[in-house]
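This is data-v3.cif. It holds mmCIF, C-alpha atoms and all ligand atoms.
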```cif
data_work
#
loop_
_atom_site.label_atom_id
_atom_site.label_comp_id
_atom_site.auth_asym_id
_atom_site.auth_seq_id
_atom_site.Cartn_x
_atom_site.Cartn_y
_atom_site.Cartn_z
CA MET K 1 129.25 69.57 46.06
CA GLU K 2 127.43 70.05 42.78
CA ARG K 3 125.48 73.00 41.38
CA THR K 4 122.43 73.01 39.14
CA PHE K 5 120.28 75.70 37.58
CA SER K 6 116.54 76.03 38.07
CA ILE K 7 113.70 78.30 36.96
CA ILE K 8 110.33 78.69 38.64
CA LYS K 9 108.31 79.19 35.46
CA PRO K 10 105.71 81.93 34.71
CA ASP K 11 102.71 79.67 35.47
CA ALA K 12 103.92 78.94 39.01
CA VAL K 13 104.99 82.53 39.74
CA GLN K 14 101.62 83.84 38.51
CA ALA K 15 99.75 81.27 40.61
CA GLY K 16 101.61 82.24 43.80
CA HIS K 17 103.63 79.04 44.15
CA VAL K 18 107.11 80.57 44.58
CA ALA K 19 107.23 80.07 48.35
CA GLY K 20 105.73 76.57 48.09
CA ILE K 21 108.34 75.49 45.53
CA LEU K 22 111.26 77.09 47.43
CA SER K 23 110.05 75.30 50.55
CA GLU K 24 110.19 71.92 48.76
CA ILE K 25 113.68 72.76 47.48
CA GLU K 26 114.98 73.72 50.93
CA LYS K 27 113.31 70.70 52.58
CA ALA K 28 115.27 68.56 50.10
CA ALA K 29 118.53 70.05 51.48
CA PHE K 30 119.46 72.30 48.54
CA GLN K 31 121.31 75.53 49.35
CA ILE K 32 120.18 78.55 47.32
CA VAL K 33 123.45 79.99 45.99
CA ALA K 34 121.83 82.77 43.91
CA ILE K 35 118.24 83.77 43.13
CA ARG K 36 116.62 86.47 40.97
CA LYS K 37 113.05 87.32 39.99
CA MET K 38 113.03 88.72 36.46
CA SER K 39 111.24 88.67 33.11
CA LEU K 40 112.66 87.21 29.90
CA SER K 41 112.22 88.65 26.43
CA LYS K 42 111.28 86.11 23.75
CA ALA K 43 114.83 86.38 22.36
CA GLN K 44 116.33 85.71 25.81
CA ALA K 45 114.06 82.67 26.23
CA ALA K 46 115.08 81.44 22.77
CA GLY K 47 118.77 81.75 23.70
CA PHE K 48 118.22 79.78 26.87
CA TYR K 49 116.32 77.00 25.07
CA ALA K 50 118.48 77.08 21.89
CA VAL K 51 119.04 73.32 22.22
CA HIS K 52 115.29 72.89 21.52
CA ALA K 53 115.22 75.28 18.50
CA GLN K 54 114.20 72.55 16.04
CA ARG K 55 111.41 71.14 18.22
CA PRO K 56 107.79 71.77 17.14
CA PHE K 57 106.98 73.30 20.55
CA PHE K 58 109.87 75.82 20.48
CA ASP K 59 107.84 78.88 19.48
CA SER K 60 105.11 78.12 22.00
CA LEU K 61 107.69 77.38 24.74
CA THR K 62 109.58 80.65 24.23
CA THR K 63 106.31 82.63 24.09
CA PHE K 64 105.25 81.00 27.36
CA MET K 65 108.61 81.56 29.08
CA SER K 66 108.48 85.26 28.18
CA SER K 67 104.81 85.64 29.22
CA GLY K 68 105.49 86.77 32.82
CA PRO K 69 108.04 86.88 35.63
CA ILE K 70 110.22 83.89 36.44
CA VAL K 71 112.52 83.09 39.37
CA ALA K 72 115.99 81.97 38.24
CA MET K 73 118.28 80.28 40.74
CA VAL K 74 121.44 78.31 41.29
CA LEU K 75 121.08 75.40 43.74
CA GLU K 76 123.78 73.41 45.46
CA LYS K 77 124.05 70.04 47.19
CA PRO K 78 125.84 66.74 46.54
CA ASN K 79 124.27 65.17 43.38
CA ALA K 80 122.26 68.39 42.82
CA ILE K 81 121.52 67.83 39.10
CA ALA K 82 119.95 64.37 39.44
CA ASP K 83 118.36 65.11 42.82
CA LEU K 84 116.56 68.20 41.48
CA ARG K 85 115.30 66.25 38.44
CA LYS K 86 113.89 63.65 40.83
CA LEU K 87 112.30 66.29 43.06
CA MET K 88 110.72 68.00 40.00
CA GLY K 89 109.11 64.84 38.62
CA ALA K 90 108.32 63.96 35.01
CA THR K 91 108.16 66.75 32.38
CA ASN K 92 104.49 65.99 31.81
CA PRO K 93 102.75 66.49 35.18
CA ALA K 94 100.26 63.76 34.20
CA ASN K 95 103.19 61.34 34.61
CA ALA K 96 104.80 63.03 37.64
CA GLU K 97 105.18 60.89 40.74
CA GLU K 98 103.30 61.68 43.97
CA GLY K 99 105.23 64.14 46.13
CA THR K 100 107.07 65.82 43.25
CA ILE K 101 106.95 69.55 42.54
CA ARG K 102 105.32 69.08 39.13
CA ARG K 103 102.70 66.74 40.56
CA LYS K 104 101.80 69.42 43.12
CA PHE K 105 102.16 72.63 41.12
CA ALA K 106 102.29 72.02 37.32
CA ARG K 107 99.39 72.51 34.92
CA SER K 108 100.58 70.99 31.63
CA ILE K 109 103.66 69.70 29.77
CA GLU K 110 104.47 73.30 28.81
CA ALA K 111 103.30 75.16 31.94
CA ASN K 112 105.12 72.67 34.15
CA ALA K 113 106.11 74.95 37.05
CA ILE K 114 109.85 74.35 37.16
CA HIS K 115 112.93 73.77 35.02
CA GLY K 116 116.09 71.97 36.13
CA SER K 117 119.33 71.35 34.21
CA ASP K 118 119.49 67.88 32.65
CA GLY K 119 123.26 67.34 32.91
CA GLU K 120 126.64 68.86 33.81
CA ASP K 121 127.14 70.63 30.48
CA SER K 122 123.67 72.19 30.47
CA ALA K 123 124.03 73.23 34.13
CA ALA K 124 127.27 75.07 33.32
CA PHE K 125 125.70 76.79 30.27
CA GLU K 126 122.48 77.69 32.10
CA ILE K 127 124.19 79.05 35.25
CA GLY K 128 126.43 81.20 33.07
CA TYR K 129 123.48 82.41 30.97
CA PHE K 130 121.79 83.95 34.03
CA PHE K 131 124.46 84.68 36.65
CA ALA K 132 127.92 86.27 36.72
CA GLY K 133 130.75 84.67 38.67
CA TYR K 134 130.70 87.37 41.34
CA GLU K 135 127.08 86.45 42.16
CA LEU K 136 127.99 82.82 42.82
CA LEU K 137 130.42 83.10 45.74
P1 LIG W 1 112.06 72.09 30.60
O1 LIG W 1 112.62 71.15 31.63
O2 LIG W 1 112.12 73.54 30.94
O3 LIG W 1 112.82 71.85 29.21
C1 LIG W 1 112.20 72.08 27.98
C2 LIG W 1 110.77 72.39 28.11
O4 LIG W 1 110.01 72.22 26.95
C3 LIG W 1 110.11 71.43 29.09
O5 LIG W 1 110.55 71.70 30.39
C4 LIG W 1 108.65 71.66 28.81
O6 LIG W 1 108.16 72.79 29.48
C5 LIG W 1 108.69 71.95 27.33
N1 LIG W 1 108.22 70.81 26.57
C6 LIG W 1 108.79 69.60 26.47
N2 LIG W 1 108.06 68.80 25.67
C7 LIG W 1 107.01 69.54 25.27
C8 LIG W 1 105.91 69.27 24.43
N3 LIG W 1 105.74 68.08 23.85
N4 LIG W 1 105.03 70.26 24.23
C9 LIG W 1 105.22 71.48 24.81
N5 LIG W 1 106.25 71.78 25.62
C10 LIG W 1 107.13 70.81 25.83
#
```
Would you write the structure of this file as structure tokens?
Ligand code: CMP
Amino acid sequence: MERTFSIIKPDAVQAGHVAGILSEIEKAAFQIVAIRKMSLSKAQAAGFYAVHAQRPFFDSLTTFMSSGPIVAMVLEKPNAIADLRKLMGATNPANAEEGTIRRKFARSIEANAIHGSDGEDSAAFEIGYFFAGYELL
């Protein structure tokens, strides 16, 4: 079993796509280990995306991620990290394959509906950033 971390981003929550995205995730055989609807401050978004701090889009990204409620979750299945990345589709929805979450629900490279951890180290950091051990049993 492997765990990954995911966020349904403010664009998709605002547009009423939470149930649609969770349905795709469950159809793909992920178990939802933990889930929380919440809002991020800009500082909390900056901490989460600290690895991107030097990127030109960092300020815009953290403003966007703190612009409205998100749904943070921990997902589990064998090969969860790679399988979620595949299910999400390309970062830019213009390049996202047919049948992927971003192809269906994303608006732009920034407002791209969903985040998923890109590797084991980031999954461990991201799960720990949002959830305590006692919430992950
Ligand atoms: P995510 O998987 O959450 O990881 C970093 C995010 O930065 C990414 O999804 C996009 O939402 C955003 N991002 C990546 N590249 C760009 C870009 N060129 N312009 C704006 N946002 C970007």
Surroundings of ligand LIG 1 (chain W) up to 9 Å, based on only C-alpha atoms and all ligand atoms, as a PyMOL selection string: chain K and resi 6-7+9+49+52+55-58+60-62+64-65+85+91-92+108-118
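Counting all atoms listed in the file and comparing K:Pro93, K:Pro69, K:Gly128, K:Pro78, the residue that lies closest to Ile8 in chain K is K:Pro69.
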Shell of 12 Å around Ala82 in chain K, all atoms listed in the file, local chain residues under 2 positions omitted, as number ranges by chain: K: 2-5, 75-80, 84-89, 116-120, 123
Counting all atoms listed in the file, what is within 9 Å of Phe48 in chain K, bar same-chain residues fewer than 6 positions away, as a PDB file with C-alpha atoms, in the frame of the given file?
```
ATOM      1  CA  PHE K 125     125.700  76.790  30.270  1.00  0.00           C
ATOM      2  CA  GLU K 126     122.480  77.690  32.100  1.00  0.00           C
ATOM      3  CA  TYR K 129     123.480  82.410  30.970  1.00  0.00           C
TER       4      TYR K 129
END
```
Range 61-72 of chain K rebuilt with all heavy atoms, output as a PDB file, keeping the file's coordinate frame:
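Generated file (part_5.pdb):
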```
ATOM      1  N   LEU K  61     106.916  77.409  23.484  1.00  0.00           N
ATOM      2  CA  LEU K  61     107.690  77.380  24.740  1.00  0.00           C
ATOM      3  C   LEU K  61     108.319  78.741  25.022  1.00  0.00           C
ATOM      4  O   LEU K  61     108.257  79.240  26.158  1.00  0.00           O
ATOM      5  CB  LEU K  61     108.780  76.297  24.636  1.00  0.00           C
ATOM      6  CG  LEU K  61     109.773  76.209  25.793  1.00  0.00           C
ATOM      7  CD1 LEU K  61     109.079  75.837  27.101  1.00  0.00           C
ATOM      8  CD2 LEU K  61     110.882  75.194  25.469  1.00  0.00           C
ATOM      9  N   THR K  62     108.913  79.357  24.009  1.00  0.00           N
ATOM     10  CA  THR K  62     109.580  80.650  24.230  1.00  0.00           C
ATOM     11  C   THR K  62     108.566  81.772  24.449  1.00  0.00           C
ATOM     12  O   THR K  62     108.824  82.700  25.205  1.00  0.00           O
ATOM     13  CB  THR K  62     110.551  80.977  23.077  1.00  0.00           C
ATOM     14  OG1 THR K  62     109.850  80.895  21.842  1.00  0.00           O
ATOM     15  CG2 THR K  62     111.714  79.994  23.055  1.00  0.00           C
ATOM     16  N   THR K  63     107.402  81.661  23.815  1.00  0.00           N
ATOM     17  CA  THR K  63     106.310  82.630  24.090  1.00  0.00           C
ATOM     18  C   THR K  63     105.866  82.491  25.535  1.00  0.00           C
ATOM     19  O   THR K  63     105.717  83.481  26.264  1.00  0.00           O
ATOM     20  CB  THR K  63     105.131  82.383  23.138  1.00  0.00           C
ATOM     21  OG1 THR K  63     105.577  82.625  21.801  1.00  0.00           O
ATOM     22  CG2 THR K  63     103.954  83.311  23.450  1.00  0.00           C
ATOM     23  N   PHE K  64     105.665  81.250  25.978  1.00  0.00           N
ATOM     24  CA  PHE K  64     105.250  81.000  27.360  1.00  0.00           C
ATOM     25  C   PHE K  64     106.297  81.499  28.356  1.00  0.00           C
ATOM     26  O   PHE K  64     105.969  82.174  29.343  1.00  0.00           O
ATOM     27  CB  PHE K  64     105.008  79.498  27.567  1.00  0.00           C
ATOM     28  CG  PHE K  64     104.921  79.094  29.012  1.00  0.00           C
ATOM     29  CD1 PHE K  64     103.894  79.554  29.822  1.00  0.00           C
ATOM     30  CD2 PHE K  64     105.892  78.273  29.569  1.00  0.00           C
ATOM     31  CE1 PHE K  64     103.834  79.202  31.172  1.00  0.00           C
ATOM     32  CE2 PHE K  64     105.845  77.924  30.908  1.00  0.00           C
ATOM     33  CZ  PHE K  64     104.805  78.397  31.710  1.00  0.00           C
ATOM     34  N   MET K  65     107.565  81.202  28.111  1.00  0.00           N
ATOM     35  CA  MET K  65     108.610  81.560  29.080  1.00  0.00           C
ATOM     36  C   MET K  65     108.838  83.068  29.156  1.00  0.00           C
ATOM     37  O   MET K  65     109.426  83.557  30.132  1.00  0.00           O
ATOM     38  CB  MET K  65     109.927  80.845  28.741  1.00  0.00           C
ATOM     39  CG  MET K  65     109.883  79.350  28.998  1.00  0.00           C
ATOM     40  SD  MET K  65     109.560  78.901  30.734  1.00  0.00           S
ATOM     41  CE  MET K  65     111.102  79.423  31.511  1.00  0.00           C
ATOM     42  N   SER K  66     108.363  83.797  28.144  1.00  0.00           N
ATOM     43  CA  SER K  66     108.480  85.260  28.180  1.00  0.00           C
ATOM     44  C   SER K  66     107.132  85.917  28.502  1.00  0.00           C
ATOM     45  O   SER K  66     106.973  87.121  28.339  1.00  0.00           O
ATOM     46  CB  SER K  66     109.025  85.771  26.840  1.00  0.00           C
ATOM     47  OG  SER K  66     108.225  85.334  25.760  1.00  0.00           O
ATOM     48  N   SER K  67     106.174  85.125  29.000  1.00  0.00           N
ATOM     49  CA  SER K  67     104.810  85.640  29.220  1.00  0.00           C
ATOM     50  C   SER K  67     104.641  86.305  30.591  1.00  0.00           C
ATOM     51  O   SER K  67     103.602  86.925  30.849  1.00  0.00           O
ATOM     52  CB  SER K  67     103.793  84.506  29.082  1.00  0.00           C
ATOM     53  OG  SER K  67     103.956  83.559  30.125  1.00  0.00           O
ATOM     54  N   GLY K  68     105.612  86.181  31.482  1.00  0.00           N
ATOM     55  CA  GLY K  68     105.490  86.770  32.820  1.00  0.00           C
ATOM     56  C   GLY K  68     106.755  86.504  33.605  1.00  0.00           C
ATOM     57  O   GLY K  68     107.661  85.818  33.130  1.00  0.00           O
ATOM     58  N   PRO K  69     106.827  87.031  34.840  1.00  0.00           N
ATOM     59  CA  PRO K  69     108.040  86.880  35.630  1.00  0.00           C
ATOM     60  C   PRO K  69     108.388  85.417  35.916  1.00  0.00           C
ATOM     61  O   PRO K  69     107.498  84.571  36.024  1.00  0.00           O
ATOM     62  CB  PRO K  69     107.725  87.612  36.938  1.00  0.00           C
ATOM     63  CG  PRO K  69     106.559  88.475  36.648  1.00  0.00           C
ATOM     64  CD  PRO K  69     105.796  87.828  35.532  1.00  0.00           C
ATOM     65  N   ILE K  70     109.686  85.189  36.038  1.00  0.00           N
ATOM     66  CA  ILE K  70     110.220  83.890  36.440  1.00  0.00           C
ATOM     67  C   ILE K  70     111.113  84.104  37.674  1.00  0.00           C
ATOM     68  O   ILE K  70     111.439  85.243  37.999  1.00  0.00           O
ATOM     69  CB  ILE K  70     111.073  83.228  35.331  1.00  0.00           C
ATOM     70  CG1 ILE K  70     112.292  84.110  35.001  1.00  0.00           C
ATOM     71  CG2 ILE K  70     110.230  82.961  34.096  1.00  0.00           C
ATOM     72  CD1 ILE K  70     113.378  83.398  34.213  1.00  0.00           C
ATOM     73  N   VAL K  71     111.501  83.020  38.325  1.00  0.00           N
ATOM     74  CA  VAL K  71     112.520  83.090  39.370  1.00  0.00           C
ATOM     75  C   VAL K  71     113.649  82.151  38.950  1.00  0.00           C
ATOM     76  O   VAL K  71     113.441  80.939  38.834  1.00  0.00           O
ATOM     77  CB  VAL K  71     111.964  82.690  40.752  1.00  0.00           C
ATOM     78  CG1 VAL K  71     113.078  82.691  41.798  1.00  0.00           C
ATOM     79  CG2 VAL K  71     110.847  83.654  41.172  1.00  0.00           C
ATOM     80  N   ALA K  72     114.813  82.743  38.653  1.00  0.00           N
ATOM     81  CA  ALA K  72     115.990  81.970  38.240  1.00  0.00           C
ATOM     82  C   ALA K  72     116.872  81.742  39.440  1.00  0.00           C
ATOM     83  O   ALA K  72     117.028  82.645  40.277  1.00  0.00           O
ATOM     84  CB  ALA K  72     116.762  82.746  37.173  1.00  0.00           C
TER      85      ALA K  72
END
```
